[in-house]
$ cat structure.cif   # mmCIF, C-alpha atoms
data_data
#
loop_
_atom_site.label_atom_id
_atom_site.label_comp_id
_atom_site.auth_asym_id
_atom_site.auth_seq_id
_atom_site.Cartn_x
_atom_site.Cartn_y
_atom_site.Cartn_z
CA MET L 5 -34.84 -62.16 -123.97
CA GLN L 6 -37.62 -60.40 -125.91
CA LYS L 7 -40.30 -62.49 -124.20
CA THR L 8 -38.85 -61.66 -120.78
CA SER L 9 -38.73 -57.95 -121.61
CA ILE L 10 -42.46 -58.07 -122.40
CA GLU L 11 -43.05 -59.73 -119.02
CA ILE L 12 -41.22 -56.86 -117.32
CA VAL L 13 -43.36 -54.28 -119.11
CA LYS L 14 -46.49 -56.19 -118.05
CA ILE L 15 -45.38 -56.28 -114.41
CA LEU L 16 -44.83 -52.52 -114.42
CA GLN L 17 -48.11 -51.79 -116.18
CA GLU L 18 -50.13 -54.09 -113.93
CA ALA L 19 -48.66 -52.23 -110.95
CA GLY L 20 -50.20 -49.03 -112.34
CA HIS L 21 -47.17 -47.59 -114.10
CA THR L 22 -46.57 -46.54 -117.69
CA ALA L 23 -43.86 -48.72 -119.24
CA TYR L 24 -42.42 -48.91 -122.75
CA TRP L 25 -39.47 -50.27 -124.67
CA ALA L 26 -37.09 -47.40 -125.43
CA GLY L 27 -34.12 -46.46 -127.55
CA GLY L 28 -32.21 -48.70 -129.94
CA CYS L 29 -34.45 -51.75 -129.68
CA VAL L 30 -37.44 -49.73 -130.93
CA ARG L 31 -35.38 -48.31 -133.79
CA ASP L 32 -34.20 -51.79 -134.76
CA ILE L 33 -37.73 -53.23 -134.70
CA ILE L 34 -39.00 -50.47 -136.99
CA MET L 35 -36.09 -51.15 -139.34
CA GLY L 36 -36.73 -54.91 -139.32
CA ARG L 37 -33.49 -55.65 -137.47
CA GLU L 38 -32.96 -58.02 -134.56
CA PRO L 39 -32.52 -55.97 -131.34
CA LYS L 40 -29.44 -56.79 -129.29
CA ASP L 41 -31.05 -55.77 -126.01
CA PHE L 42 -34.25 -54.27 -124.66
CA ASP L 43 -34.16 -51.13 -122.51
CA ILE L 44 -37.31 -50.21 -120.63
CA ALA L 45 -38.54 -46.74 -119.68
CA THR L 46 -41.23 -46.30 -117.06
CA SER L 47 -43.07 -43.86 -114.82
CA ALA L 48 -42.15 -46.04 -111.82
CA LYS L 49 -39.58 -44.47 -109.49
CA PRO L 50 -36.34 -46.35 -108.73
CA ASP L 51 -37.56 -47.50 -105.30
CA GLU L 52 -40.80 -48.77 -106.85
CA ILE L 53 -38.84 -50.68 -109.50
CA GLU L 54 -36.75 -52.32 -106.78
CA ASP L 55 -39.91 -53.36 -104.93
CA LEU L 56 -41.34 -55.05 -108.04
CA PHE L 57 -38.33 -57.18 -108.98
CA GLU L 58 -36.44 -59.71 -106.94
CA GLU L 59 -32.90 -59.22 -108.28
CA THR L 60 -31.95 -55.58 -108.80
CA TYR L 61 -28.76 -53.55 -108.79
CA PRO L 62 -28.75 -49.78 -108.10
CA ILE L 63 -26.15 -48.99 -110.77
CA GLY L 64 -27.09 -45.51 -111.96
CA LYS L 65 -29.88 -45.12 -109.41
CA ALA L 66 -29.02 -41.45 -108.92
CA PHE L 67 -29.98 -40.98 -112.59
CA GLY L 68 -33.17 -43.01 -112.27
CA ILE L 69 -31.70 -46.25 -113.61
CA ILE L 70 -32.10 -49.69 -112.04
CA HIS L 71 -30.59 -52.88 -113.46
CA THR L 72 -32.52 -56.07 -112.95
CA VAL L 73 -31.96 -59.71 -113.84
CA VAL L 74 -35.02 -61.72 -114.87
CA ASN L 75 -34.91 -65.27 -116.25
CA GLY L 76 -31.15 -64.97 -116.49
CA HIS L 77 -31.25 -61.82 -118.65
CA GLN L 78 -30.11 -58.39 -117.55
CA PHE L 79 -32.24 -55.34 -118.30
CA GLU L 80 -31.91 -51.62 -117.71
CA ILE L 81 -35.09 -50.02 -116.41
CA ALA L 82 -35.05 -46.21 -116.36
CA THR L 83 -37.55 -43.79 -114.89
CA PHE L 84 -38.84 -41.14 -117.31
CA ARG L 85 -36.77 -38.04 -116.59
CA SER L 86 -35.61 -34.64 -117.73
CA ASP L 87 -32.07 -33.42 -117.20
CA ALA L 88 -30.81 -30.13 -115.78
CA GLY L 89 -27.47 -28.94 -117.15
CA TYR L 90 -24.38 -30.87 -118.26
CA SER L 91 -21.50 -28.86 -116.86
CA ASP L 92 -18.99 -31.71 -117.39
CA GLY L 93 -20.07 -32.41 -120.99
CA ARG L 94 -21.20 -35.90 -120.10
CA ARG L 95 -23.53 -36.34 -117.10
CA PRO L 96 -26.56 -34.23 -116.11
CA ASP L 97 -26.01 -32.03 -113.07
CA ALA L 98 -29.43 -33.08 -111.80
CA VAL L 99 -32.35 -35.20 -112.99
CA TYR L 100 -36.06 -34.69 -112.50
CA PHE L 101 -38.52 -37.52 -112.90
CA SER L 102 -41.06 -36.60 -115.55
CA HIS L 103 -43.18 -38.15 -118.30
CA PRO L 104 -42.52 -39.81 -121.68
CA ALA L 105 -42.59 -36.67 -123.84
CA GLU L 106 -39.99 -34.88 -121.70
CA ASP L 107 -37.89 -38.02 -121.49
CA ALA L 108 -37.83 -38.29 -125.29
CA LEU L 109 -36.64 -34.70 -125.63
CA ARG L 110 -33.52 -35.32 -123.52
CA ARG L 111 -32.29 -38.16 -125.76
CA ASP L 112 -29.67 -37.77 -128.49
CA PHE L 113 -31.13 -38.64 -131.90
CA THR L 114 -34.71 -38.79 -133.12
CA ILE L 115 -34.26 -42.40 -134.22
CA ASN L 116 -33.40 -43.29 -130.61
CA GLY L 117 -36.21 -41.27 -129.07
CA ILE L 118 -39.18 -43.50 -129.95
CA PHE L 119 -41.11 -45.56 -127.36
CA TYR L 120 -43.01 -48.77 -128.03
CA ASP L 121 -45.58 -50.50 -125.86
CA PRO L 122 -45.16 -54.24 -126.67
CA VAL L 123 -48.22 -55.18 -124.63
CA ASN L 124 -50.67 -52.93 -126.51
CA ASP L 125 -48.64 -52.71 -129.75
CA GLU L 126 -48.46 -48.91 -129.70
CA TYR L 127 -45.69 -46.53 -130.75
CA HIS L 128 -45.22 -43.22 -128.95
CA ASP L 129 -43.11 -40.86 -131.05
CA PHE L 130 -42.73 -37.32 -129.70
CA VAL L 131 -39.70 -36.38 -131.82
CA GLY L 132 -40.42 -37.49 -135.40
CA GLY L 133 -38.13 -40.48 -135.17
CA ARG L 134 -40.25 -42.77 -137.32
CA ASN L 135 -40.23 -40.27 -140.20
CA ASP L 136 -36.47 -39.92 -139.90
CA ILE L 137 -36.07 -43.70 -140.07
CA THR L 138 -38.22 -43.69 -143.21
CA ASN L 139 -36.08 -40.89 -144.66
CA ARG L 140 -32.88 -42.52 -143.37
CA LEU L 141 -31.80 -39.41 -141.47
CA ILE L 142 -29.54 -38.89 -138.47
CA ARG L 143 -30.92 -35.85 -136.68
CA PHE L 144 -30.29 -34.53 -133.20
CA ILE L 145 -33.40 -34.00 -131.10
CA GLY L 146 -34.11 -30.29 -130.68
CA ASP L 147 -31.15 -27.91 -130.88
CA PRO L 148 -28.17 -29.95 -132.19
CA HIS L 149 -25.67 -27.61 -130.53
CA GLU L 150 -27.28 -28.14 -127.13
CA ARG L 151 -27.31 -31.91 -127.59
CA ILE L 152 -23.56 -31.91 -128.35
CA LEU L 153 -22.72 -29.58 -125.46
CA GLU L 154 -24.63 -31.90 -123.11
CA ASP L 155 -22.48 -34.89 -124.09
CA HIS L 156 -19.53 -34.41 -126.44
CA LEU L 157 -19.44 -38.13 -127.27
CA ARG L 158 -22.56 -37.57 -129.37
CA ILE L 159 -20.29 -36.17 -132.08
CA ILE L 160 -18.72 -39.61 -132.60
CA ARG L 161 -22.00 -41.43 -131.97
CA ALA L 162 -23.63 -39.48 -134.79
CA ILE L 163 -20.89 -40.60 -137.17
CA ARG L 164 -21.23 -44.18 -135.97
CA PHE L 165 -25.00 -44.34 -136.41
CA LYS L 166 -24.88 -42.62 -139.78
CA ASN L 167 -22.45 -45.19 -141.16
CA THR L 168 -23.55 -48.39 -139.42
CA LEU L 169 -27.14 -47.72 -140.47
CA GLN L 170 -26.12 -46.26 -143.85
CA PHE L 171 -28.19 -43.12 -143.24
CA GLY L 172 -27.43 -39.49 -144.09
CA TYR L 173 -27.14 -36.44 -141.85
CA HIS L 174 -29.81 -33.79 -141.43
CA PRO L 175 -28.07 -30.54 -142.53
CA ASP L 176 -28.35 -28.98 -139.06
CA THR L 177 -26.81 -32.08 -137.47
CA TYR L 178 -23.96 -32.14 -139.99
CA GLN L 179 -23.12 -28.47 -139.43
CA ALA L 180 -23.23 -28.89 -135.65
CA ILE L 181 -20.79 -31.82 -135.82
CA LYS L 182 -18.38 -29.77 -137.92
CA LYS L 183 -18.67 -26.73 -135.65
CA HIS L 184 -18.03 -28.68 -132.45
CA ALA L 185 -15.57 -31.28 -133.81
CA HIS L 186 -12.86 -30.01 -131.45
CA LEU L 187 -14.94 -31.12 -128.46
CA ALA L 188 -14.22 -34.76 -129.34
CA ASP L 189 -10.92 -34.47 -127.46
CA LYS L 190 -12.78 -33.54 -124.28
CA VAL L 191 -14.33 -37.01 -124.08
CA SER L 192 -12.68 -39.64 -121.88
CA TRP L 193 -10.48 -41.93 -123.93
CA GLU L 194 -12.29 -45.01 -122.60
CA ARG L 195 -15.57 -43.76 -124.09
CA VAL L 196 -13.89 -42.83 -127.37
CA ARG L 197 -12.34 -46.32 -127.52
CA ASP L 198 -15.72 -47.98 -127.02
CA GLU L 199 -17.28 -45.97 -129.86
CA LEU L 200 -14.33 -46.64 -132.17
CA ASN L 201 -14.57 -50.36 -131.40
CA LYS L 202 -18.21 -50.33 -132.50
CA ILE L 203 -17.29 -48.42 -135.64
CA ILE L 204 -14.37 -50.65 -136.60
CA MET L 205 -16.42 -53.83 -136.13
CA ASN L 206 -18.90 -52.66 -138.76
CA GLU L 207 -18.41 -53.31 -142.46
CA ASN L 208 -18.86 -49.59 -143.16
CA ALA L 209 -15.91 -48.58 -140.97
CA PRO L 210 -13.96 -47.04 -143.89
CA THR L 211 -16.77 -44.59 -144.66
CA ALA L 212 -17.04 -43.74 -140.95
CA PHE L 213 -13.35 -42.81 -140.86
CA GLU L 214 -13.86 -40.81 -144.05
CA ASP L 215 -16.68 -38.97 -142.26
CA MET L 216 -14.44 -38.27 -139.27
CA GLN L 217 -11.87 -36.78 -141.62
CA ASP L 218 -14.48 -34.78 -143.52
CA THR L 219 -16.13 -33.32 -140.41
CA GLY L 220 -12.82 -32.43 -138.74
CA VAL L 221 -13.27 -34.93 -135.90
CA LEU L 222 -10.38 -37.23 -136.84
CA PRO L 223 -7.51 -34.91 -135.80
CA PHE L 224 -8.92 -34.87 -132.28
CA VAL L 225 -9.42 -38.64 -132.08
CA LEU L 226 -6.81 -40.33 -134.30
CA PRO L 227 -4.43 -37.59 -135.53
CA GLU L 228 -1.90 -40.23 -136.61
CA LEU L 229 -4.46 -41.64 -139.06
CA GLU L 230 -5.24 -38.16 -140.36
CA GLU L 231 -1.55 -37.76 -141.27
CA CYS L 232 -1.84 -40.66 -143.74
CA LYS L 233 -4.15 -38.64 -145.96
CA GLY L 234 -2.36 -37.60 -149.14
CA ILE L 235 0.92 -39.44 -148.43
CA ALA L 236 2.10 -40.79 -151.80
CA GLN L 237 3.13 -44.42 -152.33
CA PRO L 238 5.31 -45.99 -155.05
CA THR L 239 2.97 -46.44 -158.00
CA GLN L 240 4.67 -49.62 -159.16
CA TYR L 241 3.36 -51.32 -156.00
CA HIS L 242 0.42 -49.16 -154.88
CA GLN L 243 -1.73 -47.94 -157.74
CA GLU L 244 -4.74 -47.66 -155.41
CA GLY L 245 -3.57 -44.26 -154.18
CA ASP L 246 -2.16 -42.74 -151.00
CA VAL L 247 -1.50 -44.42 -147.66
CA TRP L 248 -4.97 -43.47 -146.39
CA THR L 249 -6.65 -45.12 -149.39
CA HIS L 250 -4.61 -48.28 -148.87
CA LEU L 251 -5.57 -48.50 -145.18
CA MET L 252 -9.26 -48.00 -145.96
CA LYS L 253 -9.21 -50.59 -148.76
CA ALA L 254 -7.40 -53.06 -146.50
CA LEU L 255 -9.96 -52.54 -143.74
CA GLU L 256 -12.79 -52.92 -146.25
CA SER L 257 -11.38 -56.25 -147.47
CA LEU L 258 -11.62 -57.99 -144.08
CA PRO L 259 -14.22 -60.75 -143.68
CA LYS L 260 -17.25 -59.90 -141.55
CA ASP L 261 -16.14 -62.25 -138.78
CA ALA L 262 -12.68 -60.70 -138.41
CA PRO L 263 -12.03 -60.12 -134.68
CA LEU L 264 -11.65 -56.68 -133.12
CA LEU L 265 -7.89 -56.63 -132.56
CA ALA L 266 -7.15 -57.93 -136.06
CA ARG L 267 -9.18 -54.98 -137.38
CA TRP L 268 -7.16 -52.54 -135.31
CA ALA L 269 -3.95 -54.11 -136.61
CA VAL L 270 -5.13 -53.65 -140.19
CA LEU L 271 -6.11 -50.03 -139.58
CA LEU L 272 -2.74 -49.22 -138.00
CA HIS L 273 -0.35 -51.45 -139.93
CA ASP L 274 1.05 -48.62 -142.10
CA ILE L 275 0.47 -45.78 -139.65
CA GLY L 276 4.23 -45.15 -139.56
CA LYS L 277 4.57 -44.45 -143.30
CA PRO L 278 4.24 -40.65 -143.01
CA GLN L 279 7.20 -40.61 -140.59
CA THR L 280 9.36 -42.93 -142.73
CA PHE L 281 8.63 -41.43 -146.16
CA LYS L 282 11.73 -40.83 -148.28
CA ILE L 283 12.69 -40.79 -151.95
CA ALA L 284 15.68 -42.82 -153.11
CA GLU L 285 15.45 -44.83 -156.34
CA ARG L 286 11.70 -44.62 -155.62
CA ILE L 287 9.41 -43.68 -152.76
CA ARG L 288 10.44 -45.77 -149.78
CA PHE L 289 9.19 -46.38 -146.23
CA ASP L 290 12.20 -48.07 -144.65
CA HIS L 291 11.55 -49.55 -141.18
CA HIS L 292 7.91 -48.51 -141.35
CA CYS L 293 6.85 -51.76 -139.64
CA GLU L 294 8.83 -50.91 -136.52
CA VAL L 295 7.66 -47.28 -136.52
CA SER L 296 4.05 -48.34 -137.16
CA ALA L 297 4.21 -50.74 -134.20
CA GLU L 298 5.51 -47.97 -131.95
CA ILE L 299 2.78 -45.57 -133.05
CA ALA L 300 0.10 -48.26 -132.76
CA ALA L 301 1.19 -48.90 -129.17
CA ARG L 302 1.02 -45.19 -128.41
CA ILE L 303 -2.48 -44.89 -129.89
CA MET L 304 -3.79 -47.92 -128.02
CA ARG L 305 -2.29 -46.75 -124.73
CA ARG L 306 -4.01 -43.41 -125.25
CA LEU L 307 -7.30 -45.23 -125.88
CA ARG L 308 -6.80 -47.20 -122.66
CA PHE L 309 -6.65 -50.65 -124.24
CA SER L 310 -5.42 -53.46 -122.02
CA ARG L 311 -1.75 -54.34 -121.97
CA GLN L 312 -2.53 -57.70 -123.59
CA ALA L 313 -4.48 -56.04 -126.43
CA ILE L 314 -1.67 -53.56 -127.08
CA GLU L 315 0.94 -56.32 -127.13
CA ARG L 316 -1.10 -58.42 -129.57
CA VAL L 317 -1.77 -55.61 -132.04
CA THR L 318 1.78 -54.24 -131.99
CA TRP L 319 3.20 -57.75 -132.54
CA VAL L 320 0.98 -58.20 -135.59
CA VAL L 321 1.83 -54.77 -136.98
CA LEU L 322 5.55 -55.30 -136.41
CA HIS L 323 5.62 -58.54 -138.41
CA HIS L 324 3.20 -57.71 -141.22
CA PHE L 325 5.95 -57.47 -143.85
CA MET L 326 7.54 -60.90 -143.44
CA MET L 327 5.55 -63.29 -145.62
CA LYS L 328 8.55 -64.11 -147.80
CA GLU L 329 10.75 -64.60 -144.76
CA LEU L 330 8.28 -67.07 -143.29
CA LEU L 331 8.42 -69.26 -146.37
CA GLN L 332 12.21 -69.26 -146.29
CA MET L 333 12.44 -70.48 -142.68
CA SER L 334 13.18 -74.03 -141.64
CA LEU L 335 10.09 -76.18 -141.15
CA GLY L 336 10.41 -76.15 -137.36
CA ARG L 337 10.97 -72.41 -137.15
CA ARG L 338 8.04 -71.73 -139.47
CA ARG L 339 5.76 -73.95 -137.43
CA HIS L 340 6.90 -72.10 -134.30
CA TRP L 341 5.46 -68.93 -135.84
CA PHE L 342 2.31 -70.61 -137.12
CA LEU L 343 1.46 -72.01 -133.68
CA ASP L 344 1.75 -68.63 -131.99
CA PRO L 345 -1.78 -67.72 -130.79
CA ARG L 346 -1.39 -64.30 -132.44
CA PHE L 347 -0.70 -65.72 -135.88
CA PRO L 348 -4.35 -65.90 -137.06
CA ASP L 349 -4.53 -62.10 -136.73
CA LEU L 350 -1.24 -61.77 -138.61
CA LEU L 351 -2.58 -63.98 -141.40
CA LEU L 352 -5.67 -61.77 -141.66
CA LEU L 353 -3.41 -58.74 -141.96
CA TYR L 354 -1.38 -60.46 -144.69
CA TYR L 355 -4.61 -60.95 -146.61
CA ALA L 356 -5.98 -57.44 -146.04
CA ASP L 357 -2.64 -55.82 -146.94
CA ALA L 358 -2.55 -57.66 -150.26
CA ALA L 359 -6.27 -57.28 -150.99
CA GLY L 360 -6.09 -53.55 -150.24
CA THR L 361 -3.33 -53.06 -152.81
CA THR L 362 -3.67 -52.43 -156.55
CA PRO L 363 -2.58 -54.48 -158.42
CA THR L 364 -3.72 -57.20 -156.07
CA ASP L 365 -1.50 -60.25 -155.81
CA LEU L 366 -2.60 -62.88 -153.29
CA SER L 367 -0.16 -65.59 -154.42
CA LEU L 368 2.29 -65.11 -151.52
CA TYR L 369 -0.56 -64.98 -149.04
CA GLU L 370 -1.99 -68.21 -150.45
CA GLN L 371 1.38 -69.95 -150.02
CA VAL L 372 1.64 -68.85 -146.41
CA LYS L 373 -1.98 -69.84 -145.77
CA ALA L 374 -1.42 -73.31 -147.25
CA ALA L 375 1.68 -73.85 -145.12
CA TYR L 376 -0.21 -72.63 -142.05
CA GLU L 377 -3.13 -74.99 -142.68
CA GLU L 378 -0.72 -77.90 -143.17
CA THR L 379 0.78 -77.12 -139.77
CA LEU L 380 -2.65 -77.10 -138.15
CA GLN L 381 -3.32 -80.56 -139.57
CA ASN L 382 -0.26 -81.83 -137.70
CA PHE L 383 -0.67 -79.78 -134.53
CA LYS L 384 -4.06 -78.91 -133.07
CA GLU L 385 -2.33 -76.62 -130.58
CA LYS L 386 1.17 -75.54 -129.65
CA PRO L 387 2.81 -78.55 -127.93
CA GLU L 388 4.73 -78.35 -124.68
CA PRO L 389 8.52 -78.44 -125.24
CA PHE L 390 10.21 -81.77 -124.51
CA LEU L 391 13.09 -80.00 -122.74
CA THR L 392 13.29 -77.50 -119.91
CA GLY L 393 15.98 -75.02 -118.95
CA GLN L 394 16.84 -77.25 -116.01
CA ASP L 395 17.46 -80.14 -118.40
CA VAL L 396 19.93 -78.05 -120.37
CA MET L 397 21.79 -76.71 -117.33
CA GLU L 398 22.15 -80.14 -115.69
CA THR L 399 23.09 -82.05 -118.86
CA LEU L 400 25.57 -79.49 -120.20
CA ASN L 401 26.70 -78.13 -116.83
CA LEU L 402 25.79 -74.58 -117.84
CA LYS L 403 24.73 -71.62 -115.74
CA ALA L 404 21.59 -69.64 -116.50
CA GLY L 405 22.08 -67.32 -119.46
CA PRO L 406 21.24 -66.64 -123.12
CA ARG L 407 22.87 -69.88 -124.26
CA ILE L 408 20.16 -71.88 -122.46
CA GLY L 409 17.45 -70.15 -124.45
CA GLU L 410 19.29 -70.69 -127.73
CA ILE L 411 19.55 -74.45 -127.10
CA LEU L 412 15.89 -74.66 -126.06
CA ASP L 413 14.89 -72.84 -129.26
CA GLN L 414 16.92 -75.30 -131.35
CA ALA L 415 15.34 -78.27 -129.62
CA TYR L 416 11.83 -76.89 -130.00
CA GLU L 417 12.30 -76.25 -133.72
CA LEU L 418 13.46 -79.84 -134.15
CA GLN L 419 10.43 -80.98 -132.16
CA LEU L 420 8.05 -78.99 -134.36
CA SER L 421 9.68 -80.33 -137.54
CA SER L 422 9.19 -83.89 -136.16
CA GLU L 423 12.95 -84.53 -136.03
CA LEU L 424 12.59 -85.05 -132.28
CA ASN L 425 9.49 -87.07 -131.42
CA SER L 426 9.75 -87.68 -127.68
CA ARG L 427 11.40 -86.35 -124.54
CA TRP L 428 13.76 -89.34 -124.62
CA GLU L 429 14.95 -88.42 -128.15
CA ALA L 430 15.33 -84.79 -127.09
CA LEU L 431 17.46 -85.78 -124.08
CA ARG L 432 19.67 -87.95 -126.31
CA TRP L 433 20.08 -85.01 -128.73
CA LEU L 434 20.99 -82.78 -125.80
CA ALA L 435 23.54 -85.26 -124.43
CA LYS L 436 25.37 -85.26 -127.76
CA LYS L 437 25.97 -81.53 -127.39
CA SER L 438 28.04 -82.01 -124.24
#
$ encode --input "structure.cif" --output "structure tokens"
Amino acid sequence: MQKTSIEIVKILQEAGHTAYWAGGCVRDIIMGREPKDFDIATSAKPDEIEDLFEETYPIGKAFGIIHTVVNGHQFEIATFRSDAGYSDGRRPDAVYFSHPAEDALRRDFTINGIFYDPVNDEYHDFVGGRNDITNRLIRFIGDPHERILEDHLRIIRAIRFKNTLQFGYHPDTYQAIKKHAHLADKVSWERVRDELNKIIMNENAPTAFEDMQDTGVLPFVLPELEECKGIAQPTQYHQEGDVWTHLMKALESLPKDAPLLARWAVLLHDIGKPQTFKIAERIRFDHHCEVSAEIAARIMRRLRFSRQAIERVTWVVLHHFMMKELLQMSLGRRRHWFLDPRFPDLLLLYYADAAGTTPTDLSLYEQVKAAYEETLQNFKEKPEPFLTGQDVMETLNLKAGPRIGEILDQAYELQLSSELNSRWEALRWLAKKS
């Protein structure tokens, strides 16, 4: 991909245009990181870009952006521009094609405003971005208040970059974020979701959420998480501190390769504790799993997650307190749970919940994990049931109803425990029930 991006720059330059790499790829190169993609900025106008490349797509053409596919890789090529007004707090009201210095000034952070010419090995830094990388600073370009008013999402982006890069804020940037924190709820929920996904996938997610709470952004993005701050837990089980501290420690304990939805389940698994707090013989959170699942579903619907994603996370949250129950089930019933495609996320939550608790006791988790791995040795995937509902209705002369499902569940548990090893054995078992 990098080699192809250099070819694109060469094509533009040989056609008489200025062309540079821009944005995050330049920042990553300076920091010695592997860029994920290569965006290109150029003096060529959109029509001229389309003339130079065979496969182009005019997505964003009104803003001077052309997407092209070269050697199987997709690139975004943008004409140098300046923007006029952001009345909707997201998109410029008008764009004017300009030159590199003006284009740099319209960008969000100094670290993202550097250009690099990979053909001539030259940096072009009009905003002091290289110094800020050296000093590990997140700083808005120009007036930080103007940058935020242009696009309110920059409030959350600043928090993301600060924590994923492990930088600090320039004082003016920090104060601007705090002043305009309330504007975070003016951003479309889809855009907020995308930023939160990037945050939660990073190992420094707990400090990012701490920053959101500190700057006053969190109540406008995840108010339910904010409510967990300061909520006491029974000290005989949770010496790590309040509900917030437990959630952050649990999130921190996840392995780097933990998938996105498992991370969301960990973050939200005790989100219902503030609503279920009571004091009996000790502090209790009765039915907090059910309440947490309901709140998790509400949050994810608000963030415009897919129905499938919401169902998966809420299922995991709902069942995160049943490790003991799993071990007490019959072999077939337990294997039924283990072979559910959502179970790997539930197992990760079991681990994170225990690892995020002081004192930490992983013994129950290890027992469940061992039983799960034993099941996987016997079943590479969830097998098809030997019996169908039609089999049950015809053999037992029953009409459709709940009883059919109960019998099918019994048969499947026997199948998973290897007490029924073929369809023929299952049909014989069924016939004996008549």
$ resolve_selection --input "structure.cif" --expression "the PyMOL selection byres ((chain L and resi 80) around 10)" --output "PyMOL selection string"
chain L and resi 41-45+60-61+63-64+69-73+78-79+81-82
$ closest_residue --input "structure.cif" --among "L:Ile12, L:Asp107, L:Asp51, L:Leu141" --to "Val74 (chain L)" --atoms "all atoms listed in the file"
L:Ile12
$ closest_residue --input "structure.cif" --among "L:Val321, L:Leu368, L:Leu272, L:Ala212" --to "Tyr355 (chain L)" --atoms "only C-alpha atoms"
L:Leu368
$ resolve_selection --input "structure.cif" --expression "the PyMOL selection byres ((chain L and resi 300) around 8)" --output "MDAnalysis selection string"
chainID L and resid 272:273 275 296:299 301:304 314 317:318 321
$ closest_residue --input "structure.cif" --among "L:Phe347, L:Asp357, L:Ala313, L:Leu330" --to "Leu255 (chain L)" --atoms "all atoms listed in the file"
L:Asp357
$ resolve_selection --input "structure.cif" --expression "the PyMOL selection byres ((chain L and resi 146-155) around 12)" --output "ChimeraX atom specification"
/L:87-97,106,108-114,117,130-133,142-145,156-162,173-188,190-192,195
$ atom_distance --input "structure.cif" --atom1 "CA of Glu256 (chain L)" --atom2 "CA of Glu207 (chain L)"
6.8 Å
$ atom_distance --input "structure.cif" --atom1 "CA of Ser257 (chain L)" --atom2 "CA of Gly360 (chain L)"
6.6 Å
$ residues_around --input "structure.cif" --residues "Ile235 (chain L)" --least-positions-apart "5" --cutoff "10 Å" --atoms "all atoms listed in the file" --output "list of chain:residue names"
L:Gly245, L:Asp246, L:Val247, L:Trp248, L:Thr249, L:Lys277, L:Pro278, L:Phe281
$ closest_residue --input "structure.cif" --among "L:Leu264, L:Ala254, L:Val30, L:Leu226" --to "Asn206 (chain L)" --atoms "all atoms listed in the file"
L:Leu264
$ residues_around --input "structure.cif" --residues "Lys202 (chain L)" --least-positions-apart "2" --cutoff "12 Å" --atoms "all atoms listed in the file" --output "list in words"
Ile160, Arg161, Ile163, Arg164, Phe165, Asn167, Thr168, Arg195, Val196, Arg197, Asp198, Glu199, Leu200, Ile204, Met205, Asn206, Glu207, Asn208, Ala209, Ala212, Pro263, Leu264, Arg267 and Trp268 of chain L
